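Source file: model-v1.tsv (TSV, C-alpha atoms and all ligand atoms)
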```tsv
chain	number	residue	atom	x	y	z
A	1	MET	CA	96.82	120.85	113.96
A	2	ASN	CA	95.31	119.68	110.66
A	3	LEU	CA	97.64	118.55	107.87
A	4	MET	CA	97.37	117.37	104.27
A	5	LEU	CA	99.78	115.23	102.22
A	6	LEU	CA	99.86	115.79	98.47
A	7	GLY	CA	101.83	113.79	95.91
A	8	PRO	CA	101.53	111.18	93.18
A	9	PRO	CA	100.51	107.58	93.87
A	10	GLY	CA	103.59	105.88	95.31
A	11	ALA	CA	105.13	109.10	96.66
A	12	GLY	CA	105.09	107.59	100.15
A	13	LYS	CA	102.01	109.39	101.49
A	14	GLY	CA	100.67	106.33	103.35
A	15	THR	CA	104.11	105.45	104.75
A	16	GLN	CA	104.72	109.00	105.97
A	17	ALA	CA	101.14	109.59	107.13
A	18	ALA	CA	101.31	106.65	109.57
A	19	ARG	CA	104.52	108.05	111.11
A	20	ILE	CA	103.46	111.71	111.23
A	21	ALA	CA	99.98	110.95	112.58
A	22	ALA	CA	101.45	108.80	115.38
A	23	ASP	CA	104.08	111.42	116.21
A	24	PHE	CA	101.74	114.43	116.24
A	25	GLY	CA	98.70	112.60	117.67
A	26	LEU	CA	96.56	113.15	114.57
A	27	LEU	CA	93.82	110.98	113.09
A	28	HIS	CA	95.10	109.51	109.79
A	29	LEU	CA	92.36	109.83	107.15
A	30	SER	CA	93.35	108.01	103.95
A	31	SER	CA	90.65	108.26	101.27
A	32	GLY	CA	92.03	105.13	99.55
A	33	ASP	CA	91.96	103.08	102.77
A	34	ILE	CA	88.44	104.28	103.59
A	35	LEU	CA	87.25	103.36	100.07
A	36	ARG	CA	88.88	99.91	100.26
A	37	ALA	CA	87.12	99.32	103.62
A	38	GLU	CA	83.81	100.37	102.04
A	39	ARG	CA	84.42	97.86	99.22
A	40	LYS	CA	85.29	95.10	101.65
A	41	GLY	CA	82.09	95.82	103.58
A	42	GLN	CA	80.17	95.79	100.27
A	43	THR	CA	78.45	99.06	101.10
A	44	GLU	CA	76.61	101.07	98.46
A	45	LEU	CA	79.52	103.52	98.32
A	46	GLY	CA	81.99	100.64	97.96
A	47	ARG	CA	80.01	99.21	95.05
A	48	LYS	CA	79.82	102.60	93.34
A	49	ALA	CA	83.59	103.18	93.74
A	50	GLN	CA	84.99	99.84	92.63
A	51	ASP	CA	84.99	100.25	88.85
A	52	TYR	CA	86.69	103.64	89.02
A	53	MET	CA	89.36	102.32	91.38
A	54	ASP	CA	90.12	99.21	89.31
A	55	ARG	CA	90.60	101.38	86.21
A	56	GLY	CA	92.89	103.89	87.95
A	57	ALA	CA	90.28	106.64	87.51
A	58	LEU	CA	88.98	108.94	90.23
A	59	VAL	CA	85.78	108.23	92.11
A	60	PRO	CA	83.25	111.09	91.53
A	61	ASP	CA	83.89	114.23	93.60
A	62	ASP	CA	80.48	114.34	95.33
A	63	LEU	CA	80.85	110.80	96.72
A	64	ILE	CA	84.39	111.44	97.98
A	65	LEU	CA	83.58	114.82	99.48
A	66	ALA	CA	80.60	113.49	101.46
A	67	MET	CA	82.65	110.50	102.66
A	68	MET	CA	85.64	112.57	103.82
A	69	VAL	CA	83.61	115.38	105.43
A	70	ASP	CA	81.78	112.71	107.44
A	71	HIS	CA	85.15	111.43	108.76
A	72	ILE	CA	86.51	114.93	109.44
A	73	ASN	CA	83.45	115.75	111.55
A	74	ARG	CA	83.70	112.65	113.73
A	75	PRO	CA	84.74	113.13	117.39
A	76	GLU	CA	88.03	111.20	116.83
A	77	ALA	CA	89.15	113.91	114.38
A	78	GLN	CA	88.56	116.85	116.71
A	79	LYS	CA	92.11	116.84	118.12
A	80	GLY	CA	93.53	117.13	114.60
A	81	PHE	CA	93.62	115.08	111.41
A	82	LEU	CA	96.00	114.23	108.59
A	83	LEU	CA	94.49	113.97	105.11
A	84	ASP	CA	96.17	111.42	102.79
A	85	GLY	CA	94.92	111.07	99.20
A	86	PHE	CA	92.22	113.72	99.56
A	87	PRO	CA	91.55	116.17	97.97
A	88	ARG	CA	92.59	114.98	94.53
A	89	THR	CA	90.82	117.51	92.28
A	90	VAL	CA	90.25	121.27	92.43
A	91	PRO	CA	86.47	120.81	92.97
A	92	GLN	CA	87.23	118.51	95.94
A	93	ALA	CA	89.59	121.14	97.39
A	94	GLU	CA	86.98	123.89	96.92
A	95	GLY	CA	84.30	121.72	98.53
A	96	LEU	CA	86.63	120.94	101.44
A	97	ASP	CA	87.44	124.64	101.94
A	98	GLN	CA	83.74	125.52	102.14
A	99	ARG	CA	83.03	122.78	104.70
A	100	LEU	CA	86.05	123.71	106.82
A	101	VAL	CA	85.12	127.40	106.88
A	102	ALA	CA	81.56	126.45	107.87
A	103	SER	CA	82.85	124.43	110.84
A	104	GLY	CA	85.55	126.92	111.89
A	105	LYS	CA	88.46	124.64	110.95
A	106	ARG	CA	91.43	125.03	108.65
A	107	ILE	CA	94.36	123.15	107.16
A	108	ASP	CA	97.58	124.41	108.77
A	109	ALA	CA	100.04	122.94	106.25
A	110	VAL	CA	99.91	121.08	102.93
A	111	ILE	CA	102.99	118.93	102.38
A	112	ASN	CA	103.74	118.26	98.71
A	113	ILE	CA	105.88	115.11	98.42
A	114	VAL	CA	107.75	115.28	95.10
A	115	VAL	CA	108.92	112.03	93.43
A	116	PRO	CA	109.63	111.46	89.69
A	117	ASP	CA	107.30	109.14	87.73
A	118	ALA	CA	109.99	106.49	87.11
A	119	GLU	CA	110.61	106.14	90.85
A	120	VAL	CA	106.92	105.95	91.83
A	121	THR	CA	106.42	103.25	89.20
A	122	ARG	CA	109.23	101.18	90.78
A	123	ARG	CA	107.67	101.70	94.18
A	124	LEU	CA	104.09	100.80	93.26
A	125	THR	CA	104.94	97.66	91.33
A	126	GLY	CA	106.86	96.34	94.40
A	127	ARG	CA	104.33	97.45	97.03
A	128	TRP	CA	102.82	94.92	99.44
A	129	SER	CA	100.54	95.77	102.34
A	130	CYS	CA	98.89	94.17	105.32
A	131	PRO	CA	95.13	93.77	104.76
A	132	LYS	CA	94.59	93.75	108.55
A	133	ASP	CA	96.52	96.75	109.93
A	134	GLY	CA	97.36	98.60	106.69
A	135	ARG	CA	101.15	98.57	107.22
A	136	ILE	CA	102.97	99.22	103.94
A	137	TYR	CA	106.04	97.31	102.68
A	138	HIS	CA	108.17	97.21	99.53
A	139	GLU	CA	109.77	93.98	98.35
A	140	VAL	CA	113.16	95.69	97.88
A	141	PHE	CA	113.09	99.06	99.71
A	142	SER	CA	111.36	98.04	102.97
A	143	PRO	CA	110.79	94.27	103.05
A	144	PRO	CA	109.14	92.52	106.02
A	145	ALA	CA	111.41	90.40	108.26
A	146	LYS	CA	109.74	87.24	106.92
A	147	ILE	CA	108.78	87.26	103.21
A	148	GLY	CA	105.05	87.78	102.64
A	149	VAL	CA	104.08	88.24	106.30
A	150	CYS	CA	103.29	91.41	108.33
A	151	ASP	CA	105.95	92.14	110.99
A	152	ASP	CA	103.32	93.48	113.40
A	153	CYS	CA	100.43	91.02	113.21
A	154	GLY	CA	101.64	88.00	111.18
A	155	THR	CA	98.90	88.40	108.53
A	156	ALA	CA	99.73	87.36	104.93
A	157	LEU	CA	100.59	90.47	102.88
A	158	THR	CA	98.66	91.30	99.71
A	159	ARG	CA	99.28	93.32	96.54
A	160	ARG	CA	96.77	95.86	95.32
A	161	LYS	CA	95.15	95.07	91.98
A	162	ASP	CA	95.59	98.70	90.91
A	163	ASP	CA	99.39	98.41	91.38
A	164	GLU	CA	99.71	96.40	88.13
A	165	PRO	CA	101.90	98.31	85.60
A	166	GLY	CA	99.02	99.14	83.18
A	167	VAL	CA	96.84	100.63	85.90
A	168	VAL	CA	99.82	102.44	87.47
A	169	SER	CA	100.50	104.35	84.24
A	170	GLN	CA	96.82	105.37	84.06
A	171	ARG	CA	96.92	106.54	87.69
A	172	LEU	CA	99.94	108.71	86.89
A	173	VAL	CA	98.12	110.31	83.94
A	174	THR	CA	95.15	110.95	86.26
A	175	TYR	CA	97.51	112.46	88.85
A	176	HIS	CA	99.15	114.88	86.41
A	177	THR	CA	95.91	116.07	84.83
A	178	GLU	CA	93.55	116.18	87.82
A	179	THR	CA	95.58	116.34	91.05
A	180	GLU	CA	98.77	118.26	90.22
A	181	PRO	CA	96.82	121.57	89.78
A	182	LEU	CA	96.34	121.43	93.58
A	183	VAL	CA	100.01	122.37	94.01
A	184	GLU	CA	99.24	125.79	92.54
A	185	TYR	CA	95.89	125.96	94.38
A	186	TYR	CA	97.49	125.57	97.82
A	187	GLY	CA	100.58	127.53	96.79
A	188	ARG	CA	98.37	130.58	96.26
A	189	ARG	CA	96.95	130.15	99.77
A	190	GLY	CA	100.44	130.22	101.35
A	191	VAL	CA	100.17	126.85	103.13
A	192	LEU	CA	102.21	124.72	100.72
A	193	ARG	CA	105.52	123.11	101.81
A	194	THR	CA	107.53	121.10	99.29
A	195	VAL	CA	109.53	118.05	100.35
A	196	ASP	CA	111.85	115.79	98.30
A	197	GLY	CA	110.23	112.34	98.56
A	198	SER	CA	112.77	110.50	96.42
A	199	VAL	CA	115.22	109.93	99.27
A	200	ASP	CA	115.27	107.44	102.16
A	201	ALA	CA	111.93	107.27	104.04
A	202	ASP	CA	113.50	108.36	107.36
A	203	VAL	CA	114.97	111.46	105.71
A	204	VAL	CA	111.55	112.25	104.19
A	205	THR	CA	109.92	111.95	107.65
A	206	ALA	CA	112.44	114.40	109.13
A	207	SER	CA	111.83	116.88	106.29
A	208	ILE	CA	108.05	116.69	106.76
A	209	LYS	CA	108.33	117.28	110.52
A	210	LYS	CA	110.59	120.27	109.89
A	211	ALA	CA	108.22	121.65	107.22
A	212	CYS	CA	105.25	121.41	109.62
A	213	LYS	CA	107.05	123.65	112.11
A	214	GLU	CA	107.94	126.36	109.55
B	1	LIG	P1	101.34	106.37	98.52
B	1	LIG	O1	100.48	106.29	99.74
B	1	LIG	O2	101.79	107.78	98.22
B	1	LIG	O3	100.75	105.70	97.33
B	1	LIG	P2	103.09	104.40	99.87
B	1	LIG	O4	103.41	104.97	101.22
B	1	LIG	O5	102.09	103.32	99.80
B	1	LIG	O6	102.70	105.61	98.84
B	1	LIG	O7	104.47	103.91	99.22
B	1	LIG	C1	104.51	103.25	97.95
B	1	LIG	C2	105.59	102.16	97.96
B	1	LIG	O8	106.87	102.78	98.05
B	1	LIG	C3	105.51	101.19	99.15
B	1	LIG	O9	105.91	99.91	98.71
B	1	LIG	C4	106.51	101.76	100.17
B	1	LIG	O10	107.06	100.75	101.00
B	1	LIG	C5	107.57	102.37	99.26
B	1	LIG	N1	108.20	103.58	99.79
B	1	LIG	C6	107.60	104.59	100.48
B	1	LIG	N2	108.50	105.58	100.76
B	1	LIG	C7	109.68	105.19	100.21
B	1	LIG	C8	111.01	105.78	100.15
B	1	LIG	N3	111.27	106.99	100.69
B	1	LIG	N4	111.96	105.10	99.48
B	1	LIG	C9	111.68	103.90	98.91
B	1	LIG	N5	110.48	103.29	98.93
B	1	LIG	C10	109.48	103.92	99.58
B	2	LIG	P1	97.59	105.86	95.80
B	2	LIG	O1	97.94	106.88	96.83
B	2	LIG	O2	98.49	104.71	95.75
B	2	LIG	O3	97.27	106.44	94.46
B	2	LIG	P2	94.99	105.53	97.03
B	2	LIG	O4	94.91	104.39	97.94
B	2	LIG	O5	95.05	106.90	97.60
B	2	LIG	O6	96.18	105.23	96.07
B	2	LIG	O7	93.75	105.54	96.01
B	2	LIG	C1	93.35	104.37	95.32
B	2	LIG	C2	92.18	104.69	94.39
B	2	LIG	O8	91.06	105.14	95.17
B	2	LIG	C3	92.45	105.82	93.41
B	2	LIG	O9	93.10	105.38	92.23
B	2	LIG	C4	91.01	106.31	93.13
B	2	LIG	O10	90.32	105.43	92.27
B	2	LIG	C5	90.35	106.19	94.51
B	2	LIG	N1	90.51	107.44	95.31
B	2	LIG	C6	91.22	107.60	96.46
B	2	LIG	N2	91.14	108.86	96.89
B	2	LIG	C7	90.36	109.53	96.01
B	2	LIG	C8	89.91	110.88	95.89
B	2	LIG	N3	90.26	111.82	96.79
B	2	LIG	N4	89.13	111.19	94.82
B	2	LIG	C9	88.77	110.29	93.93
B	2	LIG	N5	89.17	109.00	93.96
B	2	LIG	C10	89.94	108.62	94.99
```

Can I see the file as structure tokens?
Amino acid sequence: MNLMLLGPPGAGKGTQAARIAADFGLLHLSSGDILRAERKGQTELGRKAQDYMDRGALVPDDLILAMMVDHINRPEAQKGFLLDGFPRTVPQAEGLDQRLVASGKRIDAVINIVVPDAEVTRRLTGRWSCPKDGRIYHEVFSPPAKIGVCDDCGTALTRRKDDEPGVVSQRLVTYHTETEPLVEYYGRRGVLRTVDGSVDADVVTASIKKACKE
């Protein structure tokens, strides 16, 4: 099974993707995490992406498409993958469709996680994450057992630079103008499932699992 999570920044895509991928045995492919790893490794792609990311703008479609198709075609993804944060524009979705058709694959369900802007802003400005294993926390909604430290590996948690309030509001504008049209795009293809993401994370997980079986 191949799945896709759609939703604004802060909707809980990363949180839910980790759970759903583990449960269904899928490879979790987060475009944001892959880009941050490229930046950390100071690759050419990482250097090209950094200014866009720091401004809350989207990295150009051709770079993202090539990067994600490379990951989708790797052997680890052959048992099924879960896309998180990609595609984010209609041209990315069209490019993905073409590549999937060419390789005889398809997306079985697109889960649209709906959360109002005010709530995602609260979530992003309190987000902390583990730079080592990627686990996501929130200082109020899902704090670690010991302040500032990852429960799983003991690494000091960090905040993303693009989670500052000014950049968050720009990312929301980008989401509404460039990414939200994908709701209609996948709706027309009959694969879209809508889930209320504003409730407790465990309830959201249960709704996503149910939606995948519909
Ligand atoms: P995204 O990948 O969509 O940007 P994240 O999974 O990183 O979203 O979640 C953003 C922030 O909101 C994190 O701090 C996370 O702990 C918190 N969060 C995620 N889901 C919920 C939820 N259902 N209720 C409250 N906070 C949540
Ligand atoms: P969030 O889910 O919290 O918005 P991500 O980690 O998915 O954040 O993305 C962080 C940044 O990486 C985005 O603001 C954007 O600059 C870049 N990015 C991630 N995915 C894509 C994509 N599919 N297309 C273009 N840019 C992307």

May I ask you to write as a ChimeraX atom specification all residues lying at most 8 Å from ligand LIG 1 (chain B), with all atoms listed in the file counted? /A:7-17,84-85,120,122-129,136-139,141-143,197-204

9 Å from ligand LIG 2 (chain B) is the threshold here; counting all atoms listed in the file, which polymer residues fall inside it? Answer as a short mmCIF file (atom, residue, chain, number, x, y, z; two decimals) with C-alpha atoms, keeping the file's coordinate frame.
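To be explicit, this is the file written out as out_10.cif:
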```cif
data_model
loop_
_atom_site.label_atom_id
_atom_site.label_comp_id
_atom_site.auth_asym_id
_atom_site.auth_seq_id
_atom_site.Cartn_x
_atom_site.Cartn_y
_atom_site.Cartn_z
CA GLY A 7 101.83 113.79 95.91
CA PRO A 8 101.53 111.18 93.18
CA PRO A 9 100.51 107.58 93.87
CA GLY A 10 103.59 105.88 95.31
CA ALA A 11 105.13 109.10 96.66
CA GLY A 12 105.09 107.59 100.15
CA LYS A 13 102.01 109.39 101.49
CA GLY A 14 100.67 106.33 103.35
CA SER A 30 93.35 108.01 103.95
CA SER A 31 90.65 108.26 101.27
CA GLY A 32 92.03 105.13 99.55
CA ASP A 33 91.96 103.08 102.77
CA ILE A 34 88.44 104.28 103.59
CA LEU A 35 87.25 103.36 100.07
CA ARG A 36 88.88 99.91 100.26
CA ALA A 49 83.59 103.18 93.74
CA GLN A 50 84.99 99.84 92.63
CA ASP A 51 84.99 100.25 88.85
CA TYR A 52 86.69 103.64 89.02
CA MET A 53 89.36 102.32 91.38
CA ASP A 54 90.12 99.21 89.31
CA ARG A 55 90.60 101.38 86.21
CA GLY A 56 92.89 103.89 87.95
CA ALA A 57 90.28 106.64 87.51
CA LEU A 58 88.98 108.94 90.23
CA VAL A 59 85.78 108.23 92.11
CA PRO A 60 83.25 111.09 91.53
CA ASP A 61 83.89 114.23 93.60
CA LEU A 63 80.85 110.80 96.72
CA ILE A 64 84.39 111.44 97.98
CA LEU A 65 83.58 114.82 99.48
CA MET A 68 85.64 112.57 103.82
CA ASP A 84 96.17 111.42 102.79
CA GLY A 85 94.92 111.07 99.20
CA PHE A 86 92.22 113.72 99.56
CA PRO A 87 91.55 116.17 97.97
CA ARG A 88 92.59 114.98 94.53
CA THR A 89 90.82 117.51 92.28
CA GLN A 92 87.23 118.51 95.94
CA LEU A 124 104.09 100.80 93.26
CA ASP A 162 95.59 98.70 90.91
CA ASP A 163 99.39 98.41 91.38
CA VAL A 167 96.84 100.63 85.90
CA VAL A 168 99.82 102.44 87.47
CA GLN A 170 96.82 105.37 84.06
CA ARG A 171 96.92 106.54 87.69
CA LEU A 172 99.94 108.71 86.89
CA THR A 174 95.15 110.95 86.26
CA TYR A 175 97.51 112.46 88.85
#
```

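Among A:Leu3, A:Leu182, A:Cys212, A:Val195, the residue with the shortest atom-to-atom distance to Val90 in chain A, counting all atoms listed in the file, is A:Leu182.
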
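Put simply, CA of Ile107 in chain A is 27.3 Å away from CA of Gly46 in chain A.
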
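What separates CA of Thr177 in chain A from CA of Ala93 in chain A is a distance of 14.9 Å.
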
Nearest to Asn2 in chain A: which of A:Asp23, A:Glu44, A:Asp108, A:Asp70 is it, counting all atoms listed in the file? A:Asp108

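Going from CA of Pro165 in chain A over to CA of Thr121 in chain A, you cover 7.6 Å.
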
Please write as an MDAnalysis selection string the list of polymer residues whose atoms come within 10 Å of (96.7, 129.4, 101.8), counting all atoms listed in the file and keeping to the coordinates of the file. chainID A and resid 106:110 185:192

What would the list of residues within 12 Å of (110.7, 122.9, 108.1) (file frame) look like as a ChimeraX atom specification, if all atoms listed in the file are what count? /A:109,111,192-195,204-214

May I have the selected residues written with C-alpha atoms, as a tab-separated table (two decimals), keeping the file's coordinate frame?
```
chain	number	residue	atom	x	y	z
A	109	ALA	CA	100.04	122.94	106.25
A	111	ILE	CA	102.99	118.93	102.38
A	192	LEU	CA	102.21	124.72	100.72
A	193	ARG	CA	105.52	123.11	101.81
A	194	THR	CA	107.53	121.10	99.29
A	195	VAL	CA	109.53	118.05	100.35
A	204	VAL	CA	111.55	112.25	104.19
A	205	THR	CA	109.92	111.95	107.65
A	206	ALA	CA	112.44	114.40	109.13
A	207	SER	CA	111.83	116.88	106.29
A	208	ILE	CA	108.05	116.69	106.76
A	209	LYS	CA	108.33	117.28	110.52
A	210	LYS	CA	110.59	120.27	109.89
A	211	ALA	CA	108.22	121.65	107.22
A	212	CYS	CA	105.25	121.41	109.62
A	213	LYS	CA	107.05	123.65	112.11
A	214	GLU	CA	107.94	126.36	109.55
```

Across A:Gly134, A:Glu76, A:Val173, A:Asp62, the smallest distance to Pro91 in chain A, with only C-alpha atoms counted, is shown by A:Asp62
